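Trainee: Take a look at the following structure, please.
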Amino acid sequence: MFVGFLEGFGFGVPVGGSGELTNALIASIKANGGEVLGEVDVTAIRTKGGRAVGAATKDGREFTAKDGIVAALQPARLGQDGGRRRAGNRQGRFGTQISEIGCITVHAALKAPLKFRAGANVKAVMIELLPNKYDTIRKSFDSLRYGEFSSYPLVGLGSLTMFDPSRAPAGAATMHAWDYVPYQRADGRDWDDTKHHYVKRMLSHMENFLDNLSDSVLAYHSDSPVDMERTSSSFRRGDLHGVAAVTYQAQSHRPTPDLGYNVVPGCERLYLVGPFQHPGGGVSAPAALLPSGIRRSEDRRVKDREALDVHAVLHGQLQAHGDRSARAQRQRSLDQGQGVRRHADDRAPVPQRSTQGTQAGELQARVIPADVPAALT
Ligand SMILES: Cc1cc2nc3c(=O)[nH]c(=O)nc-3n(C[C@H](O)[C@H](O)[C@H](O)COP(=O)(O)OP(=O)(O)OC[C@H]3O[C@@H](n4cnc5c(N)ncnc54)[C@H](O)[C@@H]3O)c2cc1C
């Protein structure tokens, strides 16, 4: 999907550095009358009558929300039953599986542009220094699953001064490189003590592909998976995509079936964004998906009614899908509260699909929990 996307739309490189993308977003928010506050930790989302109405911050401030709250909340922070999920062993309602494969990055200032052994025609935003055997790649990724280092480092790099020379003094260059590593190391060693040993290994491996690397590096900054976790709660255990990109955490099941519609059951007007939501990590995701996420969650009210009709047909309750009188009757019984709790604001109830097995002839609608998860109160 990623490759096809790049083929179709190309790869944008903000002039002046990636921070310029953030600056442009901030300028846009301000131009529309908004305000951006940095270094403010939200410690609780305030709720009233089952609806998100504000946020409390670590420094003791309270903010009220008129229309709703949009939050990049790692699912583990929702309620007390969050936790880690492994395939086939889901723990807690909002439990997710984190990828075992983390990443280490190096951002370097170079005296001169890189010289690739493959020739001067190497010019791309992302360059992968890969082995020429597919099996080697597979084995390298497999080692990571067991907390070991890849026998063949899978290094990728970009030298964006190739496209935007304004990022470095004349004649100089920049480079960022990444490799895949385990967050939890099988050797039990601490990333904080050993990060620079690993960077040395990476740079030395890269010299197989580059002629002038060792002479060119003036200085570098590196982040281990543990550093990434510290940078943003989105990257828990160093997972770049918030939660593992596995099929059972994809699309409307991302990050979990309950949270896959960008809303939190039992807490209205709290909208979820972030790499853990569909379609997963990517710098374009939150801004682009926010309006569609809200729309999807609103559409869900309609879709769930349709789904109930289909479900009932499967169990022989209705004559045919689309039977208006039967549908109206079903809606009346829903409105009368069969298995569905009315929302505090008395708007239409939100019947939701059950995740439990169903009995023939039984109308299934998940009961919305009366209490908001503990972490949200
Ligand atoms: C090493 C690395 C390389 C990557 N490479 C690429 C790439 O090449 N291309 C690509 O498209 N994507 C890439 N990604 C993924 C991409 O960076 C993420 O998917 C993207 O940043 C997600 O954006 P976001 O705004 O949804 O979440 P974030 O960038 O994580 O933003 C969420 C923000 O919410 C803040 N926050 C969370 N909780 C609270 C709280 N309680 N109070 C206050 N603030 C809070 C966090 O501090 C953070 O600033 C990479 C990620 C990493 C780590």
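Here's how to read the names in the structure tokens: chain A, B, ... by the order shown, residue numbers from 1 in each chain, ligand numbers from 1 in the order shown.
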Could you build a table of the residues in chain A lying no more than 7 Å from ligand 1, giving for each the nearest pair of atoms and their separation in Å rounded to one decimal place, using only C-alpha atoms and all ligand atoms, ordered by chain and ascending residue number, as a tab-separated table?

Mentor:
```
residue	atom	partner	partner_atom_place_in_ligand_line	distance
A:Val40	CA	ligand 1	43 (C)	5.4
A:Asp41	CA	ligand 1	42 (N)	3.7
A:Val42	CA	ligand 1	42 (N)	3.6
A:Thr43	CA	ligand 1	41 (N)	5.5
A:Ala72	CA	ligand 1	32 (C)	5.3
A:Leu73	CA	ligand 1	38 (N)	5.8
A:Cys103	CA	ligand 1	1 (C)	6.2
A:Ile104	CA	ligand 1	1 (C)	6.8
A:Thr105	CA	ligand 1	1 (C)	6.0
A:Met228	CA	ligand 1	53 (C)	6.0
A:Thr231	CA	ligand 1	47 (O)	6.6
A:Ser232	CA	ligand 1	47 (O)	4.3
A:Ser233	CA	ligand 1	37 (C)	5.3
A:Ser234	CA	ligand 1	30 (O)	4.4
A:Phe235	CA	ligand 1	30 (O)	6.6
A:Leu240	CA	ligand 1	53 (C)	4.6
A:His241	CA	ligand 1	19 (O)	5.4
A:Val273	CA	ligand 1	26 (O)	6.0
A:Gly274	CA	ligand 1	26 (O)	3.2
A:Pro275	CA	ligand 1	19 (O)	4.7
A:Gly280	CA	ligand 1	19 (O)	6.7
A:Gly281	CA	ligand 1	19 (O)	3.2
A:Gly282	CA	ligand 1	11 (O)	3.1
A:Val283	CA	ligand 1	11 (O)	4.1
A:Ser284	CA	ligand 1	11 (O)	6.3
A:Ala285	CA	ligand 1	26 (O)	6.2
A:Pro286	CA	ligand 1	26 (O)	5.0
```

Trainee: Write the residues you've just listed into a file as a tab-separated table (two decimals), in the first residue's frame, and include N, CA, C and O atoms for each of them.

Mentor:
```
chain	number	residue	atom	x	y	z
A	40	VAL	N	2.21	20.72	27.77
A	40	VAL	CA	1.09	20.67	28.73
A	40	VAL	C	0.60	19.23	28.79
A	40	VAL	O	0.15	18.68	27.78
A	41	ASP	N	0.72	18.61	29.94
A	41	ASP	CA	0.32	17.21	30.10
A	41	ASP	C	-1.13	17.10	30.52
A	41	ASP	O	-1.49	17.58	31.59
A	42	VAL	N	-1.93	16.44	29.73
A	42	VAL	CA	-3.33	16.20	30.12
A	42	VAL	C	-3.35	14.95	31.00
A	42	VAL	O	-2.87	13.89	30.60
A	43	THR	N	-3.87	15.12	32.20
A	43	THR	CA	-3.86	13.98	33.13
A	43	THR	C	-5.22	13.29	33.22
A	43	THR	O	-5.30	12.14	33.63
A	72	ALA	N	-5.02	11.92	21.07
A	72	ALA	CA	-4.17	10.81	20.61
A	72	ALA	C	-3.90	9.96	21.85
A	72	ALA	O	-2.86	10.10	22.49
A	73	LEU	N	-4.84	9.12	22.19
A	73	LEU	CA	-4.73	8.34	23.43
A	73	LEU	C	-4.34	6.90	23.13
A	73	LEU	O	-5.10	6.18	22.47
A	103	CYS	N	12.76	0.45	16.68
A	103	CYS	CA	13.59	1.12	15.69
A	103	CYS	C	14.63	1.97	16.41
A	103	CYS	O	14.38	2.46	17.52
A	104	ILE	N	15.79	2.09	15.80
A	104	ILE	CA	16.79	3.03	16.33
A	104	ILE	C	17.12	4.00	15.20
A	104	ILE	O	17.21	3.58	14.04
A	105	THR	N	17.24	5.27	15.54
A	105	THR	CA	17.51	6.26	14.48
A	105	THR	C	18.79	7.03	14.76
A	105	THR	O	19.18	7.20	15.92
A	228	MET	N	12.30	6.76	22.13
A	228	MET	CA	11.07	7.09	21.38
A	228	MET	C	9.85	7.00	22.29
A	228	MET	O	8.94	7.82	22.20
A	231	THR	N	9.60	10.08	24.15
A	231	THR	CA	9.22	11.24	23.37
A	231	THR	C	7.72	11.39	23.26
A	231	THR	O	7.17	12.49	23.32
A	232	SER	N	7.02	10.29	23.06
A	232	SER	CA	5.56	10.37	22.89
A	232	SER	C	4.93	9.09	23.41
A	232	SER	O	5.41	8.00	23.11
A	233	SER	N	3.81	9.27	24.12
A	233	SER	CA	3.13	8.07	24.62
A	233	SER	C	2.54	7.27	23.47
A	233	SER	O	2.10	6.14	23.66
A	234	SER	N	2.52	7.85	22.27
A	234	SER	CA	2.08	7.08	21.10
A	234	SER	C	3.02	5.91	20.83
A	234	SER	O	2.61	4.89	20.29
A	235	PHE	N	4.30	6.10	21.13
A	235	PHE	CA	5.30	5.09	20.76
A	235	PHE	C	5.63	4.19	21.94
A	235	PHE	O	6.80	3.99	22.30
A	240	LEU	N	6.52	2.17	16.49
A	240	LEU	CA	6.38	3.36	15.65
A	240	LEU	C	4.96	3.60	15.18
A	240	LEU	O	4.61	4.70	14.78
A	241	HIS	N	4.18	2.55	15.16
A	241	HIS	CA	2.80	2.68	14.67
A	241	HIS	C	1.78	2.60	15.80
A	241	HIS	O	0.63	2.27	15.57
A	273	VAL	N	-7.66	9.87	17.78
A	273	VAL	CA	-6.79	9.93	16.60
A	273	VAL	C	-5.46	9.32	17.02
A	273	VAL	O	-5.31	8.88	18.16
A	274	GLY	N	-4.50	9.32	16.12
A	274	GLY	CA	-3.17	8.82	16.47
A	274	GLY	C	-2.81	7.59	15.66
A	274	GLY	O	-3.66	7.02	14.97
A	275	PRO	N	-1.56	7.20	15.74
A	275	PRO	CA	-1.11	6.09	14.89
A	275	PRO	C	-1.78	4.77	15.22
A	275	PRO	O	-1.75	3.85	14.41
A	280	GLY	N	-3.27	3.62	10.67
A	280	GLY	CA	-1.97	3.32	11.29
A	280	GLY	C	-1.04	4.50	11.19
A	280	GLY	O	-1.46	5.61	10.84
A	281	GLY	N	0.21	4.29	11.54
A	281	GLY	CA	1.18	5.38	11.63
A	281	GLY	C	1.41	6.07	10.31
A	281	GLY	O	1.21	5.51	9.24
A	282	GLY	N	1.81	7.30	10.41
A	282	GLY	CA	2.10	8.10	9.21
A	282	GLY	C	1.87	9.55	9.54
A	282	GLY	O	0.90	9.87	10.22
A	283	VAL	N	2.74	10.42	9.08
A	283	VAL	CA	2.62	11.81	9.49
A	283	VAL	C	1.40	12.50	8.91
A	283	VAL	O	1.00	13.56	9.37
A	284	SER	N	0.79	11.90	7.93
A	284	SER	CA	-0.38	12.54	7.33
A	284	SER	C	-1.67	12.13	8.03
A	284	SER	O	-2.72	12.67	7.77
A	285	ALA	N	-1.60	11.15	8.91
A	285	ALA	CA	-2.83	10.53	9.38
A	285	ALA	C	-3.77	11.43	10.19
A	285	ALA	O	-4.91	11.58	9.80
A	286	PRO	N	-3.34	12.03	11.31
A	286	PRO	CA	-4.34	12.61	12.19
A	286	PRO	C	-5.14	13.74	11.58
A	286	PRO	O	-6.37	13.72	11.64
```

Trainee: Residues of segment 208-292 of chain A classed as alpha helix (DSSP H) by DSSP on the backbone are to be reported as a list in words.

Mentor: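 Result set for segment 208-292 of chain A (alpha helix (DSSP H)): Leu213, Ser214, Asp215, Ser216, Pro225, Val226, Asp227, Met228, Glu229, Arg230, Thr231, Ala285, Pro286, Ala287, Ala288, Leu289, Leu290, Pro291 and Ser292 of chain A.
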
Trainee: Using only C-alpha atoms for the distances, tell me which of A:Met162, A:Phe94, A:Ala120, A:Gln251 is nearest to Arg77 of chain A.

Mentor: A:Phe94

Trainee: Determine, counting only C-alpha atoms, which protein, DNA and RNA residues have an atom within 12 Å of an atom of Arg201 of chain A; residues of the same chain fewer than 3 positions away are not included. Present the result as a count of residues only.

Mentor: 21

Trainee: By how many Å are atom CA of Ala186 of chain A and atom CA of Asp227 of chain A apart?

Mentor: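 Separation between atom CA of Ala186 of chain A and atom CA of Asp227 of chain A: 18.3 Å.
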
Trainee: Please list as a ChimeraX atom specification every residue within 10 Å of segment 1-10 of chain A, counting only C-alpha atoms and excluding residues in the same chain fewer than 2 positions away.

Mentor: /A:12-13,125

Trainee: Calculated over only C-alpha atoms, which of the candidates A:His221, A:Lys66, A:Arg138, A:Arg237 has the smallest distance to Pro182 of chain A?

Mentor: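 Closest residue, counting only C-alpha atoms: A:Arg237.
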
Trainee: Do you have the atom CA of Ile26 of chain A-atom CA of Val53 of chain A distance handy?

Mentor: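 Atom CA of Ile26 of chain A sits 23.7 Å away from atom CA of Val53 of chain A.
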
Trainee: So how far away is atom CA of Phe209 of chain A from atom CA of Gln184 of chain A, in Å?

Mentor: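 According to the coordinates, atom CA of Gln184 of chain A and atom CA of Phe209 of chain A are separated by 28.9 Å.
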
Trainee: Check the smallest atom-to-atom distance from each of A:Pro131, A:Gly119, A:Gly266, A:Pro279 to Thr47 of chain A using only C-alpha atoms, then report the winner.

Mentor: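 Ranked by minimum distance to Thr47 of chain A, first place goes to A:Gly266.
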
Trainee: Run DSSP on the backbone and give me the residues of segment 56-270 of chain A it puts in strand (DSSP E or B), as a ChimeraX atom specification.

Mentor: /A:56-57,62-64,69-71,84,86,89,96,101-110,116,127-129,155-158,173-182,210,217-223,263-264,267-270
